[in-house]
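Student: Coordinates in model.pdb, PDB, C-alpha atoms, are listed below.
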```pdb
ATOM      1  CA  MET A 844     111.210 194.191  85.328
ATOM      2  CA  PHE A 845     109.030 192.394  87.832
ATOM      3  CA  SER A 846     105.324 191.666  87.712
ATOM      4  CA  PHE A 847     102.647 189.659  89.466
ATOM      5  CA  GLU A 848     102.529 187.175  86.584
ATOM      6  CA  THR A 849     103.138 183.584  87.599
ATOM      7  CA  ILE A 850     106.550 182.211  86.680
ATOM      8  CA  LEU A 851     105.529 178.851  85.295
ATOM      9  CA  GLU A 852     108.993 177.365  85.708
ATOM     10  CA  LYS A 853     108.957 177.968  89.481
ATOM     11  CA  HIS A 854     105.247 178.092  90.385
ATOM     12  CA  SER A 855     104.051 176.241  93.467
ATOM     13  CA  GLU A 856     100.852 176.381  95.469
ATOM     14  CA  PHE A 857     102.752 178.043  98.330
ATOM     15  CA  TYR A 858     104.079 180.946  96.226
ATOM     16  CA  ASP A 859     107.610 180.589  97.525
ATOM     17  CA  VAL A 860     109.794 183.629  97.300
ATOM     18  CA  LEU A 861     112.890 183.034  95.209
ATOM     19  CA  SER A 862     116.261 183.838  96.593
ATOM     20  CA  LEU A 863     118.394 186.243  94.585
ATOM     21  CA  ILE A 864     120.589 183.360  93.385
ATOM     22  CA  GLU A 865     117.547 181.288  92.314
ATOM     23  CA  LEU A 866     116.060 184.265  90.489
ATOM     24  CA  ASN A 867     119.354 184.943  88.733
ATOM     25  CA  ASN A 868     119.651 181.268  87.683
ATOM     26  CA  LEU A 869     116.067 181.263  86.407
ATOM     27  CA  LEU A 870     116.571 184.433  84.361
ATOM     28  CA  ASN A 871     119.803 183.071  82.895
ATOM     29  CA  SER A 872     118.167 179.778  81.880
ATOM     30  CA  VAL A 873     115.196 181.526  80.241
ATOM     31  CA  SER A 874     117.560 183.981  78.531
ATOM     32  CA  ASP A 875     119.644 181.108  77.109
ATOM     33  CA  ILE A 876     116.521 179.507  75.648
ATOM     34  CA  ASN A 877     115.329 182.762  74.064
ATOM     35  CA  LYS A 878     118.718 183.557  72.507
ATOM     36  CA  ASN A 879     118.239 180.629  70.118
ATOM     37  CA  ILE A 880     114.999 182.074  68.742
ATOM     38  CA  ASN A 881     115.465 184.414  65.806
ATOM     39  CA  ALA A 882     112.247 186.187  64.910
ATOM     40  CA  SER A 883     113.755 188.027  61.935
ATOM     41  CA  LYS A 884     112.736 186.854  58.509
ATOM     42  CA  SER A 885     115.352 187.302  55.778
ATOM     43  CA  PHE A 886     114.134 187.884  52.254
ATOM     44  CA  THR A 887     115.188 189.220  48.860
ATOM     45  CA  ALA A 888     113.449 192.267  47.421
ATOM     46  CA  TYR A 889     112.997 192.622  43.653
ATOM     47  CA  ASN A 890     111.751 195.678  41.790
ATOM     48  CA  LEU A 891     109.958 194.306  38.721
ATOM     49  CA  LYS A 892     109.793 197.690  36.987
ATOM     50  CA  ASN A 893     113.446 198.569  37.635
ATOM     51  CA  PRO A 894     115.543 195.389  38.141
ATOM     52  CA  LEU A 895     118.737 197.473  38.497
ATOM     53  CA  SER A 896     117.371 199.397  41.479
ATOM     54  CA  PRO A 897     119.758 199.561  44.451
ATOM     55  CA  LEU A 898     116.835 198.387  46.606
ATOM     56  CA  CYS A 899     116.967 194.959  44.924
ATOM     57  CA  ARG A 900     118.999 192.949  47.418
ATOM     58  CA  ASN A 901     118.805 190.671  50.443
ATOM     59  CA  TYR A 902     117.438 192.106  53.679
ATOM     60  CA  HIS A 903     117.918 190.510  57.101
ATOM     61  CA  SER A 904     114.554 191.656  58.422
ATOM     62  CA  ILE A 905     111.338 193.371  57.476
ATOM     63  CA  ASN A 906     112.335 196.233  59.759
ATOM     64  CA  GLU A 907     115.584 196.777  57.828
ATOM     65  CA  PHE A 908     113.707 196.932  54.520
ATOM     66  CA  ALA A 909     110.998 199.226  55.958
ATOM     67  CA  LYS A 910     113.644 201.697  57.150
ATOM     68  CA  VAL A 911     115.336 201.792  53.745
ATOM     69  CA  ILE A 912     112.137 202.450  51.785
ATOM     70  CA  LYS A 913     110.338 204.319  54.583
ATOM     71  CA  GLY A 914     107.472 201.842  54.391
ATOM     72  CA  ASP A 915     104.924 200.182  56.636
ATOM     73  CA  ARG A 916     106.178 196.973  58.305
ATOM     74  CA  SER A 917     102.778 195.310  58.586
ATOM     75  CA  THR A 918     102.024 195.775  54.887
ATOM     76  CA  ILE A 919     105.484 194.512  53.925
ATOM     77  CA  ARG A 920     105.004 191.519  56.243
ATOM     78  CA  ASP A 921     101.770 190.662  54.403
ATOM     79  CA  TYR A 922     103.668 190.586  51.101
ATOM     80  CA  VAL A 923     106.545 188.527  52.520
ATOM     81  CA  ASN A 924     104.134 186.012  54.085
ATOM     82  CA  GLY A 925     102.093 185.733  50.887
ATOM     83  CA  ASN A 926      98.924 187.260  52.370
ATOM     84  CA  LYS A 927      98.443 189.630  49.433
ATOM     85  CA  PRO A 928      96.787 188.640  46.110
ATOM     86  CA  GLU A 929      98.970 186.758  43.636
ATOM     87  CA  GLY A 930     100.792 189.184  41.341
ATOM     88  CA  SER A 931     100.111 192.292  43.422
ATOM     89  CA  LEU A 932     103.034 194.645  43.874
ATOM     90  CA  TYR A 933     104.092 196.700  46.880
ATOM     91  CA  ARG A 934     103.774 200.393  45.934
ATOM     92  CA  ASN A 935     103.072 199.228  42.382
ATOM     93  CA  GLU A 936     106.722 198.193  41.905
TER      94      GLU A 936
END
```
Translate the structure described by the file into structure tokens.
Tutor:
Amino acid sequence: MFSFETILEKHSEFYDVLSLIELNNLLNSVSDINKNINASKSFTAYNLKNPLSPLCRNYHSINEFAKVIKGDRSTIRDYVNGNKPEGSLYRNE
């Protein structure tokens, strides 16, 4: 994908055009940096009303948990990040 956004790593006042090799090297270097960033947040889900529920386990991401329970990711994220009132339960469980 290409856009008119400035590439900060290669910006100059003359707006040089990158050769194919330079562009490939730039994309590879940025890709290597971004591979080390893991945006997923692992967490453990507990059902306080039914501790033996098969949903009580570790999840690698909010998306994984949302798919299993068919829930809303943004609401789950608020619970995981502690943005909901103390003691409140997701779906009253």
Student: What does the distance between CA of Leu932 (chain A) and CA of Asn890 (chain A) come to in Å, to one decimal place?
Tutor: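 Calculated distance between CA of Leu932 (chain A) and CA of Asn890 (chain A) is 9.0 Å.
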Student: State, in Å with one decimal place, the distance from CA of Cys899 (chain A) to CA of Thr887 (chain A).
Tutor: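 Separation of CA of Cys899 (chain A) and CA of Thr887 (chain A): 7.2 Å.
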Student: Quick one: which residues end up in the PyMOL selection byres ((chain A and resi 920-923) around 12) for this structure, as a VMD selection string?
Tutor: chain A and resid 883 to 889 902 904 to 909 914 to 919 924 to 934
Student: Could you write those residues out with C-alpha atoms, as a PDB file, in the frame of the given file?
Tutor:
```pdb
ATOM      1  CA  SER A 883     113.755 188.027  61.935  1.00  0.00           C
ATOM      2  CA  LYS A 884     112.736 186.854  58.509  1.00  0.00           C
ATOM      3  CA  SER A 885     115.352 187.302  55.778  1.00  0.00           C
ATOM      4  CA  PHE A 886     114.134 187.884  52.254  1.00  0.00           C
ATOM      5  CA  THR A 887     115.188 189.220  48.860  1.00  0.00           C
ATOM      6  CA  ALA A 888     113.449 192.267  47.421  1.00  0.00           C
ATOM      7  CA  TYR A 889     112.997 192.622  43.653  1.00  0.00           C
ATOM      8  CA  TYR A 902     117.438 192.106  53.679  1.00  0.00           C
ATOM      9  CA  SER A 904     114.554 191.656  58.422  1.00  0.00           C
ATOM     10  CA  ILE A 905     111.338 193.371  57.476  1.00  0.00           C
ATOM     11  CA  ASN A 906     112.335 196.233  59.759  1.00  0.00           C
ATOM     12  CA  GLU A 907     115.584 196.777  57.828  1.00  0.00           C
ATOM     13  CA  PHE A 908     113.707 196.932  54.520  1.00  0.00           C
ATOM     14  CA  ALA A 909     110.998 199.226  55.958  1.00  0.00           C
ATOM     15  CA  GLY A 914     107.472 201.842  54.391  1.00  0.00           C
ATOM     16  CA  ASP A 915     104.924 200.182  56.636  1.00  0.00           C
ATOM     17  CA  ARG A 916     106.178 196.973  58.305  1.00  0.00           C
ATOM     18  CA  SER A 917     102.778 195.310  58.586  1.00  0.00           C
ATOM     19  CA  THR A 918     102.024 195.775  54.887  1.00  0.00           C
ATOM     20  CA  ILE A 919     105.484 194.512  53.925  1.00  0.00           C
ATOM     21  CA  ASN A 924     104.134 186.012  54.085  1.00  0.00           C
ATOM     22  CA  GLY A 925     102.093 185.733  50.887  1.00  0.00           C
ATOM     23  CA  ASN A 926      98.924 187.260  52.370  1.00  0.00           C
ATOM     24  CA  LYS A 927      98.443 189.630  49.433  1.00  0.00           C
ATOM     25  CA  PRO A 928      96.787 188.640  46.110  1.00  0.00           C
ATOM     26  CA  GLU A 929      98.970 186.758  43.636  1.00  0.00           C
ATOM     27  CA  GLY A 930     100.792 189.184  41.341  1.00  0.00           C
ATOM     28  CA  SER A 931     100.111 192.292  43.422  1.00  0.00           C
ATOM     29  CA  LEU A 932     103.034 194.645  43.874  1.00  0.00           C
ATOM     30  CA  TYR A 933     104.092 196.700  46.880  1.00  0.00           C
ATOM     31  CA  ARG A 934     103.774 200.393  45.934  1.00  0.00           C
TER      32      ARG A 934
END
```
Student: Enter the distance from CA of Ser896 (chain A) to CA of Ile912 (chain A), in Å, rounded to one decimal.
Tutor: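 Straight-line distance from CA of Ser896 (chain A) to CA of Ile912 (chain A) works out to 12.0 Å.
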